Structure formats: C-alpha cells, structure tokens
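Raw contents of run01.tsv, TSV, C-alpha atoms:
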```
chain	number	residue	atom	x	y	z
A	1	LEU	CA	3.84	-2.10	19.54
A	2	CYS	CA	7.60	-2.46	19.26
A	3	TYR	CA	9.17	-5.78	20.21
A	4	ASN	CA	12.75	-6.71	19.33
A	5	GLY	CA	12.88	-10.26	20.54
A	6	ARG	CA	10.90	-13.51	20.62
A	7	LYS	CA	7.66	-11.65	21.41
A	8	GLU	CA	6.53	-11.06	17.84
A	9	ALA	CA	3.61	-13.46	18.05
A	10	ALA	CA	2.47	-11.95	21.35
A	11	ALA	CA	2.61	-8.49	19.80
A	12	ILE	CA	0.44	-9.57	16.88
A	13	TRP	CA	-2.10	-11.23	19.13
A	14	LEU	CA	-2.21	-8.24	21.47
A	15	GLY	CA	-2.59	-5.87	18.52
A	16	GLY	CA	-5.06	-7.94	16.51
A	17	ARG	CA	-7.24	-9.62	19.08
A	18	GLY	CA	-7.00	-6.88	21.68
A	19	ALA	CA	-6.38	-3.34	20.50
A	20	SER	CA	-7.79	-3.61	16.97
A	21	ALA	CA	-10.88	-5.44	18.14
A	22	ALA	CA	-11.43	-2.61	20.60
A	23	GLY	CA	-11.27	-0.02	17.85
A	24	VAL	CA	-7.62	1.01	18.27
A	25	VAL	CA	-5.31	0.72	15.24
A	26	PRO	CA	-2.09	-0.96	16.45
A	27	ARG	CA	1.21	-0.09	14.78
A	28	ARG	CA	3.70	-2.92	14.97
A	29	GLU	CA	7.42	-2.58	14.16
A	30	ALA	CA	8.40	-5.94	12.67
A	31	ARG	CA	12.16	-6.01	13.04
A	32	ARG	CA	14.24	-8.51	11.10
A	33	ARG	CA	16.29	-11.41	12.32
A	34	GLY	CA	15.36	-14.66	10.66
A	35	ARG	CA	13.30	-16.55	13.18
A	36	ARG	CA	11.71	-13.39	14.62
A	37	MET	CA	10.22	-12.37	11.28
A	38	ALA	CA	9.01	-15.96	10.95
A	39	ASP	CA	7.26	-15.63	14.31
A	40	THR	CA	5.68	-12.40	13.10
A	41	TRP	CA	4.57	-14.04	9.86
A	42	GLU	CA	3.06	-17.06	11.63
A	43	ALA	CA	1.00	-14.86	13.94
A	44	LEU	CA	0.07	-12.54	11.07
A	45	GLU	CA	-1.08	-15.48	8.97
A	46	GLN	CA	-3.34	-16.58	11.80
A	47	ALA	CA	-4.61	-13.06	12.43
A	48	CYS	CA	-5.57	-12.76	8.76
A	49	GLY	CA	-7.74	-15.86	8.85
A	50	GLN	CA	-5.46	-18.70	7.77
A	51	CYS	CA	-5.77	-20.82	10.92
A	52	ARG	CA	-9.17	-22.51	11.32
A	53	ASN	CA	-8.69	-22.93	15.05
A	54	CYS	CA	-7.76	-19.28	15.51
A	55	ALA	CA	-10.15	-16.89	17.21
A	56	LEU	CA	-9.25	-14.28	14.58
A	57	ALA	CA	-9.97	-16.59	11.66
A	58	GLU	CA	-12.74	-14.47	10.18
A	59	THR	CA	-11.92	-11.01	11.50
A	60	ARG	CA	-9.04	-9.70	9.34
A	61	LEU	CA	-8.53	-6.86	11.78
A	62	HIS	CA	-6.68	-3.65	10.96
A	63	VAL	CA	-3.08	-3.87	12.17
A	64	VAL	CA	-0.27	-1.72	10.72
A	65	PHE	CA	3.23	-3.20	10.50
A	66	GLY	CA	6.23	-0.90	10.24
A	67	VAL	CA	8.70	-3.19	8.48
A	68	ASP	CA	12.09	-1.56	9.00
A	69	ARG	CA	15.32	-2.67	7.31
A	70	ALA	CA	13.59	-3.24	3.98
A	71	GLY	CA	16.03	-4.52	1.38
A	72	LEU	CA	19.81	-4.47	1.87
A	73	VAL	CA	20.94	-3.20	5.27
A	74	GLY	CA	24.71	-3.23	4.93
A	75	GLU	CA	26.70	-3.11	8.15
A	76	ASP	CA	23.95	-4.72	10.25
A	77	GLY	CA	25.13	-8.05	8.87
A	78	GLU	CA	23.97	-10.73	6.48
A	79	THR	CA	21.26	-12.02	8.83
A	80	HIS	CA	19.45	-8.67	8.81
A	81	HIS	CA	18.72	-8.13	5.12
A	82	GLY	CA	15.02	-7.60	4.42
A	83	VAL	CA	14.83	-9.53	1.15
A	84	PHE	CA	12.22	-12.21	1.87
A	85	ASP	CA	9.14	-10.41	3.21
A	86	PRO	CA	7.84	-9.09	-0.18
A	87	ALA	CA	7.40	-12.71	-1.22
A	88	PHE	CA	5.73	-14.16	1.87
A	89	LEU	CA	3.60	-11.13	2.72
A	90	ASP	CA	2.08	-11.41	-0.75
A	91	THR	CA	0.71	-14.86	0.17
A	92	VAL	CA	-1.43	-13.52	3.04
A	93	PRO	CA	-5.03	-12.91	1.87
A	94	GLY	CA	-6.24	-9.37	2.46
A	95	MET	CA	-2.73	-8.02	2.99
A	96	THR	CA	-1.59	-4.60	1.71
A	97	VAL	CA	2.13	-3.80	1.35
A	98	LEU	CA	3.22	-0.18	0.85
A	99	CYS	CA	6.72	0.85	-0.25
A	100	PRO	CA	7.71	4.50	0.24
A	101	SER	CA	10.82	5.80	-1.53
A	102	SER	CA	11.36	8.99	0.49
A	103	TYR	CA	10.67	10.50	3.89
A	104	SER	CA	7.69	12.43	2.57
A	105	GLU	CA	6.19	9.27	1.08
A	106	LEU	CA	6.82	7.38	4.31
A	107	GLU	CA	4.86	9.97	6.26
A	108	ALA	CA	2.01	9.96	3.74
A	109	MET	CA	1.87	6.16	3.51
A	110	LEU	CA	1.85	5.71	7.27
A	111	ARG	CA	-1.10	8.07	7.46
A	112	HIS	CA	-2.79	6.19	4.62
A	113	ALA	CA	-2.11	2.84	6.31
A	114	ILE	CA	-3.55	3.94	9.64
A	115	TYR	CA	-6.60	5.89	8.50
A	116	GLU	CA	-7.59	4.56	5.07
A	117	VAL	CA	-6.47	0.98	4.43
A	118	LYS	CA	-8.71	-1.83	5.65
A	119	GLY	CA	-7.28	-5.02	7.12
A	120	PRO	CA	-3.59	-5.78	7.79
A	121	VAL	CA	-1.06	-3.49	6.11
A	122	ALA	CA	2.75	-3.38	6.06
A	123	VAL	CA	4.80	-0.27	5.35
A	124	ARG	CA	8.33	-1.21	4.24
A	125	TYR	CA	11.13	1.31	4.71
A	126	PRO	CA	14.92	0.92	4.56
A	127	ARG	CA	17.53	1.43	7.22
A	128	GLY	CA	19.62	4.53	6.64
A	129	GLY	CA	17.34	7.12	5.07
A	130	GLN	CA	16.46	8.27	1.57
A	131	GLY	CA	18.36	8.75	-1.69
A	132	ASP	CA	18.27	11.45	-4.36
A	133	TYR	CA	14.57	10.83	-4.91
A	134	GLN	CA	12.91	12.93	-2.20
A	135	GLU	CA	9.52	13.63	-3.71
A	136	ASP	CA	6.01	12.36	-3.00
A	137	SER	CA	4.39	10.61	-5.95
A	138	GLY	CA	0.94	10.99	-4.40
A	139	PRO	CA	-1.85	8.65	-3.26
A	140	VAL	CA	-1.58	6.22	-6.18
A	141	LYS	CA	-0.64	2.55	-6.30
A	142	THR	CA	1.60	3.05	-9.32
A	143	ALA	CA	3.32	6.24	-10.49
A	144	VAL	CA	5.05	7.05	-13.78
A	145	LEU	CA	8.08	9.14	-12.80
A	146	ARG	CA	9.51	9.45	-16.29
A	147	THR	CA	8.02	8.78	-19.73
A	148	GLY	CA	9.81	6.99	-22.55
A	149	LYS	CA	9.28	4.75	-25.56
A	150	ASP	CA	12.26	2.39	-25.64
A	151	ILE	CA	12.27	0.44	-22.35
A	152	THR	CA	10.20	0.21	-19.16
A	153	LEU	CA	12.11	0.36	-15.85
A	154	THR	CA	10.09	-0.75	-12.82
A	155	GLY	CA	10.89	-0.89	-9.12
A	156	TYR	CA	9.81	0.18	-5.63
A	157	GLY	CA	11.17	1.61	-2.43
A	158	ILE	CA	14.75	2.84	-2.30
A	159	THR	CA	15.63	0.97	-5.52
A	160	ILE	CA	13.88	3.68	-7.51
A	161	ASN	CA	17.04	5.79	-7.13
A	162	GLY	CA	19.11	3.31	-9.11
A	163	LEU	CA	16.46	3.14	-11.83
A	164	LEU	CA	16.34	6.93	-12.19
A	165	GLU	CA	20.13	7.01	-12.46
A	166	CYS	CA	19.93	4.25	-15.06
A	167	ALA	CA	17.38	6.27	-17.06
A	168	LYS	CA	19.66	9.31	-17.09
A	169	LEU	CA	22.58	7.23	-18.37
A	170	LEU	CA	20.38	5.71	-21.07
A	171	GLU	CA	19.22	9.16	-22.12
A	172	ALA	CA	22.82	10.09	-22.93
A	173	ASP	CA	22.80	7.18	-25.39
A	174	GLY	CA	19.57	8.34	-26.99
A	175	ILE	CA	17.45	5.67	-25.25
A	176	GLN	CA	14.22	6.92	-23.70
A	177	ALA	CA	13.34	4.93	-20.60
A	178	GLU	CA	9.95	5.00	-18.89
A	179	VAL	CA	10.34	4.72	-15.11
A	180	ILE	CA	7.41	3.27	-13.18
A	181	LYS	CA	7.38	3.29	-9.39
A	182	LEU	CA	5.27	0.77	-7.52
A	183	ASN	CA	3.97	2.36	-4.33
A	184	THR	CA	1.89	-0.73	-3.52
A	185	ILE	CA	3.37	-4.17	-4.23
A	186	THR	CA	0.51	-6.16	-2.66
A	187	PRO	CA	-2.00	-6.09	-4.23
A	188	LEU	CA	-0.10	-5.24	-7.40
A	189	ASP	CA	-1.49	-2.64	-9.78
A	190	LEU	CA	-0.37	-4.13	-13.09
A	191	GLU	CA	-2.25	-2.10	-15.69
A	192	PRO	CA	0.13	0.92	-15.86
A	193	VAL	CA	3.06	-1.49	-16.27
A	194	VAL	CA	1.25	-3.51	-18.92
A	195	GLU	CA	0.35	-0.36	-20.83
A	196	SER	CA	3.96	0.81	-20.73
A	197	VAL	CA	5.42	-2.52	-21.82
A	198	ARG	CA	2.97	-2.73	-24.73
A	199	LYS	CA	4.50	0.56	-25.88
A	200	THR	CA	8.19	-0.16	-25.24
A	201	GLY	CA	8.38	-3.92	-25.81
A	202	ARG	CA	11.13	-4.14	-23.17
A	203	LEU	CA	11.08	-4.48	-19.39
A	204	LEU	CA	13.67	-4.31	-16.63
A	205	THR	CA	12.57	-4.77	-13.01
A	206	ALA	CA	14.89	-4.06	-10.09
A	207	GLU	CA	14.30	-4.94	-6.45
A	208	GLU	CA	16.21	-5.75	-3.28
A	209	CYS	CA	14.37	-9.03	-2.89
A	210	ALA	CA	15.06	-12.74	-3.27
A	211	PRO	CA	13.87	-14.10	-6.64
A	212	GLY	CA	11.13	-16.47	-5.44
A	213	ASN	CA	7.70	-14.79	-5.85
A	214	CYS	CA	9.42	-11.43	-6.25
A	215	VAL	CA	7.52	-8.53	-7.78
A	216	GLY	CA	9.35	-8.99	-11.06
A	217	GLN	CA	8.10	-12.55	-11.35
A	218	ARG	CA	4.55	-11.42	-10.63
A	219	ILE	CA	4.79	-8.71	-13.29
A	220	ALA	CA	6.18	-11.19	-15.82
A	221	ALA	CA	3.36	-13.62	-15.04
A	222	GLY	CA	0.81	-10.82	-15.43
A	223	LEU	CA	2.22	-9.89	-18.84
A	224	LEU	CA	2.07	-13.52	-19.94
A	225	GLU	CA	-1.54	-13.87	-18.80
A	226	ARG	CA	-2.44	-10.81	-20.88
A	227	GLY	CA	-0.59	-12.03	-23.94
A	228	VAL	CA	1.98	-9.20	-23.82
A	229	SER	CA	5.42	-10.28	-25.02
A	230	ALA	CA	8.55	-8.32	-24.12
A	231	GLN	CA	12.29	-8.65	-23.81
A	232	THR	CA	12.54	-8.92	-20.05
A	233	VAL	CA	15.22	-9.01	-17.38
A	234	LEU	CA	14.54	-9.34	-13.65
A	235	VAL	CA	17.28	-7.96	-11.39
A	236	ASN	CA	17.14	-8.99	-7.73
A	237	THR	CA	19.44	-10.23	-4.96
A	238	GLY	CA	19.80	-13.67	-6.52
A	239	PRO	CA	19.31	-17.22	-5.23
A	240	ASP	CA	22.00	-17.12	-2.53
A	241	PHE	CA	22.13	-15.36	0.83
A	242	VAL	CA	23.51	-11.83	0.56
A	243	THR	CA	26.80	-11.40	2.38
A	244	HIS	CA	27.99	-8.66	4.75
A	245	GLY	CA	29.14	-5.31	3.36
A	246	SER	CA	28.17	-1.70	2.89
A	247	VAL	CA	24.89	-1.01	1.07
A	248	ALA	CA	26.80	0.48	-1.88
A	249	GLN	CA	29.05	-2.57	-2.11
A	250	LEU	CA	26.11	-4.98	-1.92
A	251	ARG	CA	24.08	-3.15	-4.54
A	252	ALA	CA	27.04	-3.33	-6.91
A	253	LEU	CA	27.51	-7.01	-6.05
A	254	CYS	CA	23.84	-7.76	-6.82
A	255	GLY	CA	23.79	-5.56	-9.93
A	256	LEU	CA	21.28	-3.15	-8.37
A	257	ASP	CA	23.27	0.09	-8.52
A	258	GLY	CA	22.61	2.60	-11.29
A	259	ALA	CA	25.69	1.70	-13.35
A	260	SER	CA	24.92	-2.04	-13.29
A	261	LEU	CA	21.26	-1.48	-14.17
A	262	TYR	CA	22.38	0.72	-17.07
A	263	LYS	CA	24.49	-2.14	-18.49
A	264	LYS	CA	21.59	-4.57	-18.11
A	265	ALA	CA	19.22	-2.14	-19.82
A	266	LEU	CA	21.63	-1.74	-22.72
A	267	GLU	CA	21.62	-5.52	-23.18
A	268	VAL	CA	17.82	-5.59	-23.18
A	269	CYS	CA	17.82	-2.81	-25.78
A	270	GLY	CA	20.19	-4.79	-27.97
A	271	HIS	CA	23.24	-2.56	-27.47
A	272	GLY	CA	25.39	-5.26	-25.87
A	273	ASN	CA	27.94	-4.68	-23.11
A	274	ARG	CA	29.68	-1.33	-22.71
```

Using the file provided, produce a representation of the structure as structure tokens.
Amino acid sequence: LCYNGRKEAAAIWLGGRGASAAGVVPRREARRRGRRMADTWEALEQACGQCRNCALAETRLHVVFGVDRAGLVGEDGETHHGVFDPAFLDTVPGMTVLCPSSYSELEAMLRHAIYEVKGPVAVRYPRGGQGDYQEDSGPVKTAVLRTGKDITLTGYGITINGLLECAKLLEADGIQAEVIKLNTITPLDLEPVVESVRKTGRLLTAEECAPGNCVGQRIAAGLLERGVSAQTVLVNTGPDFVTHGSVAQLRALCGLDGASLYKKALEVCGHGNR
C-alpha cells in the first residue's frame, strides 16, 4: 500500500482492518512530510489498540511499514528529514522497528518483517542508498561489528558508517573502540550494550534522530537502571529543526560524520580536542 498524500489513515485502516484481518500481510510505505506521518501515526496507534472505540483495539494485526527517508535526507528539504519517528514509534505497544544498514540487510529485514515478526513492524531505510558498510550482520537484534576495550560506539541504520570510520581513526591513536550495531531499536536489546559498557566504561551513541526519547536516551536510562556508570555522550540532530543541505553537509553540521564523532570520542576518552 503506497500512498503519498493525505490518505495515510485510509491506508492503515485498509491494511489493518481489511487485508491483515483476511490473512494478507500489507506492506505500507509511510512517506514523510510532517502532517502525513502524523496521520500515519494516529491510524497506527489506533490499529495497535490504543483507541478504545476502535474496532482494531484488541487485534494488533500484522502490518509492515516501509519507512523511507529515515534520518537526514539532504536535498529533499528540511520538511522531509526522518528524525522523529524512532521516538514516537517506540511509544506504540507491540511495535517492532528494524533498521538495516545496507541493501543486503534491507532485503533480509523485509523478509523477516513479513514472514516472522508478529504485530505491526516498521522497517526504516534512508533515501540515497548505502555507505561503505555493505554486509549483513545476520538475524540478531544487536550485532558487535568490532571489539574493543576503551570505548563503546553504538548506532543503527546508515549512521553505522560514521561510527566505523570513527573507530578506525581512534585505532590510529591506540584507542580500541567496540562498535555495536542495533538492528532492532524497538524493542531495544540492551544487554550486549550493557555488557560492553561495563567493560569499556565509556559510551558514545550516534543517531540521525531528534533528542527526545532517542535511542541514546533509552540506552542511558537502561544503564542507570542497572547501576552501570559510564562517561557518556549522546550525538543526535539536536533540539532544533535540521535545515536544508546535502547529507554530507548536514551530518557535519550535526556532528554525525566520522571526523566529528572521532573528536567527540577523544573527549570521552579524556584526550581533549584535536
């Protein structure tokens, strides 16, 4: 079901109450543009059982959302950035949110979403393709891409490329970074991150997401609940709206490119600015 207009709610109702109830797994492309994503969210919230007067209140049917334009989208304009959905999708009970970092992972996660996940599921993928990371980390919620003992670097989706670049730069300084990739951000698999941070004592999270209820905040809260202390920095798109520009320009502006993450990691490791 692909609607690029004010028909988001109708698409959700058709998919949830009609096709899914009849045994068909609908795939819905939830395109961005402020109010339209809000329409999608409102209908999704009802379809997942949040509206008492809704006919779908207790069904939690299986609908797959292809959330394109995840993160910074560059030349599409400042109204098209996908930096809010990780926060609000996490508030929907029963929701699963998958974040592929490459074409091969996108194919595998779509298959997983359609045939294996129960209930509503969103697969987030960016506009414009993949980066240097082109592997498939496998059918796990959390993957350790690189082991280290000095700092834990955590992210998801396309942002993993900046973190891997950061780790290489740190290695040249004799700093061993552990890179953890979150394939599923809702529900969040915290234990691998907690185990890593207990070892390193330092954490840097990077994500193309607004700060409110971002994954970094949820990880920090999880560490606090478990009594794990760490020097922590959360890098995201910040409290303001992200302006127009190329993806490379905007990542540098938000401090999410490899070079900027490297400088932040050095600060966390006590090496100061370089």

Tell me which protein, DNA and RNA residues are within 9 Å of range 87-90 of chain A, counting all atoms listed in the file, leaving out same-chain ones fewer than 5 positions away, and put them as a list in words. Trp41, Glu45, Met95, Thr96, Val97, Ala122, Ile185, Thr186, Pro187, Cys209, Ala210, Pro211, Gly212, Asn213, Cys214 and Val215 of chain A

Could you turn the residues from that selection into a file that holds C-alpha atoms, as a PDB file, in the frame of the given file?
```pdb
ATOM      1  CA  TRP A  41       4.570 -14.040   9.860  1.00  0.00           C
ATOM      2  CA  GLU A  45      -1.080 -15.480   8.970  1.00  0.00           C
ATOM      3  CA  MET A  95      -2.730  -8.020   2.990  1.00  0.00           C
ATOM      4  CA  THR A  96      -1.590  -4.600   1.710  1.00  0.00           C
ATOM      5  CA  VAL A  97       2.130  -3.800   1.350  1.00  0.00           C
ATOM      6  CA  ALA A 122       2.750  -3.380   6.060  1.00  0.00           C
ATOM      7  CA  ILE A 185       3.370  -4.170  -4.230  1.00  0.00           C
ATOM      8  CA  THR A 186       0.510  -6.160  -2.660  1.00  0.00           C
ATOM      9  CA  PRO A 187      -2.000  -6.090  -4.230  1.00  0.00           C
ATOM     10  CA  CYS A 209      14.370  -9.030  -2.890  1.00  0.00           C
ATOM     11  CA  ALA A 210      15.060 -12.740  -3.270  1.00  0.00           C
ATOM     12  CA  PRO A 211      13.870 -14.100  -6.640  1.00  0.00           C
ATOM     13  CA  GLY A 212      11.130 -16.470  -5.440  1.00  0.00           C
ATOM     14  CA  ASN A 213       7.700 -14.790  -5.850  1.00  0.00           C
ATOM     15  CA  CYS A 214       9.420 -11.430  -6.250  1.00  0.00           C
ATOM     16  CA  VAL A 215       7.520  -8.530  -7.780  1.00  0.00           C
TER      17      VAL A 215
END
```

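Comparing A:Leu224, A:Ala177, A:Ile160, A:Val117 by their smallest distance to Glu208 in chain A, the closest is A:Ile160 (using all atoms listed in the file).
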
Can you list, as a PyMOL selection string, every protein, DNA or RNA residue that comes within 7 Å of Glu207 in chain A when you count all atoms listed in the file, leaving out same-chain residues fewer than 6 positions away? chain A and resi 155-156+159+235-236

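Coordinates place CA of Asp85 in chain A at a distance of 22.5 Å from CA of Glu116 in chain A.
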
Excluding same-chain residues fewer than 5 positions from range 108-115 of chain A, what lies within 8 Å of it counting only C-alpha atoms, as a CSV table (one decimal) with C-alpha atoms, keeping the file's coordinate frame?
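And here is the file that came out, part-v1.csv:
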```csv
chain,number,residue,atom,x,y,z
A,25,VAL,CA,-5.3,0.7,15.2
A,64,VAL,CA,-0.3,-1.7,10.7
A,98,LEU,CA,3.2,-0.2,0.8
A,100,PRO,CA,7.7,4.5,0.2
A,121,VAL,CA,-1.1,-3.5,6.1
A,122,ALA,CA,2.8,-3.4,6.1
A,123,VAL,CA,4.8,-0.3,5.4
```

Contacts of His244 in chain A at 8 Å (only C-alpha atoms; same-chain gap of 3+ positions) as a count of residues only: 6

So which residues touch Leu204 in chain A within 9 Å, counting only C-alpha atoms, skipping near sequence neighbours fewer than 2 positions away, as a VMD selection string? chain A and resid 151 to 155 202 206 216 231 to 235 261 264 to 265 268

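In this structure, CA of Ser104 in chain A sits 22.6 Å away from CA of Thr147 in chain A.
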
Atomic distance CA of Ala167 in chain A - CA of Gly201 in chain A, expressed in Å with one decimal: 16.2 Å

Give as a PyMOL selection string each residue that has an atom at most 12 Å from (16.0, 9.7, 6.9) in the file, counting only C-alpha atoms. chain A and resi 100-107+125-134+158

Using only C-alpha atoms: which of A:Ile180, A:Leu164, A:Leu169, A:Leu72 has the shortest distance to Leu266 in chain A: A:Leu169

So, counting only C-alpha atoms, which residue among A:Asn183, A:Gly157, A:Leu170, A:Thr91 is closest to Arg69 in chain A? A:Gly157

Measuring atom to atom with all atoms listed in the file, identify which of A:Pro239, A:Gly255, A:Pro192, A:Gly138 is nearest to Glu178 in chain A. A:Pro192
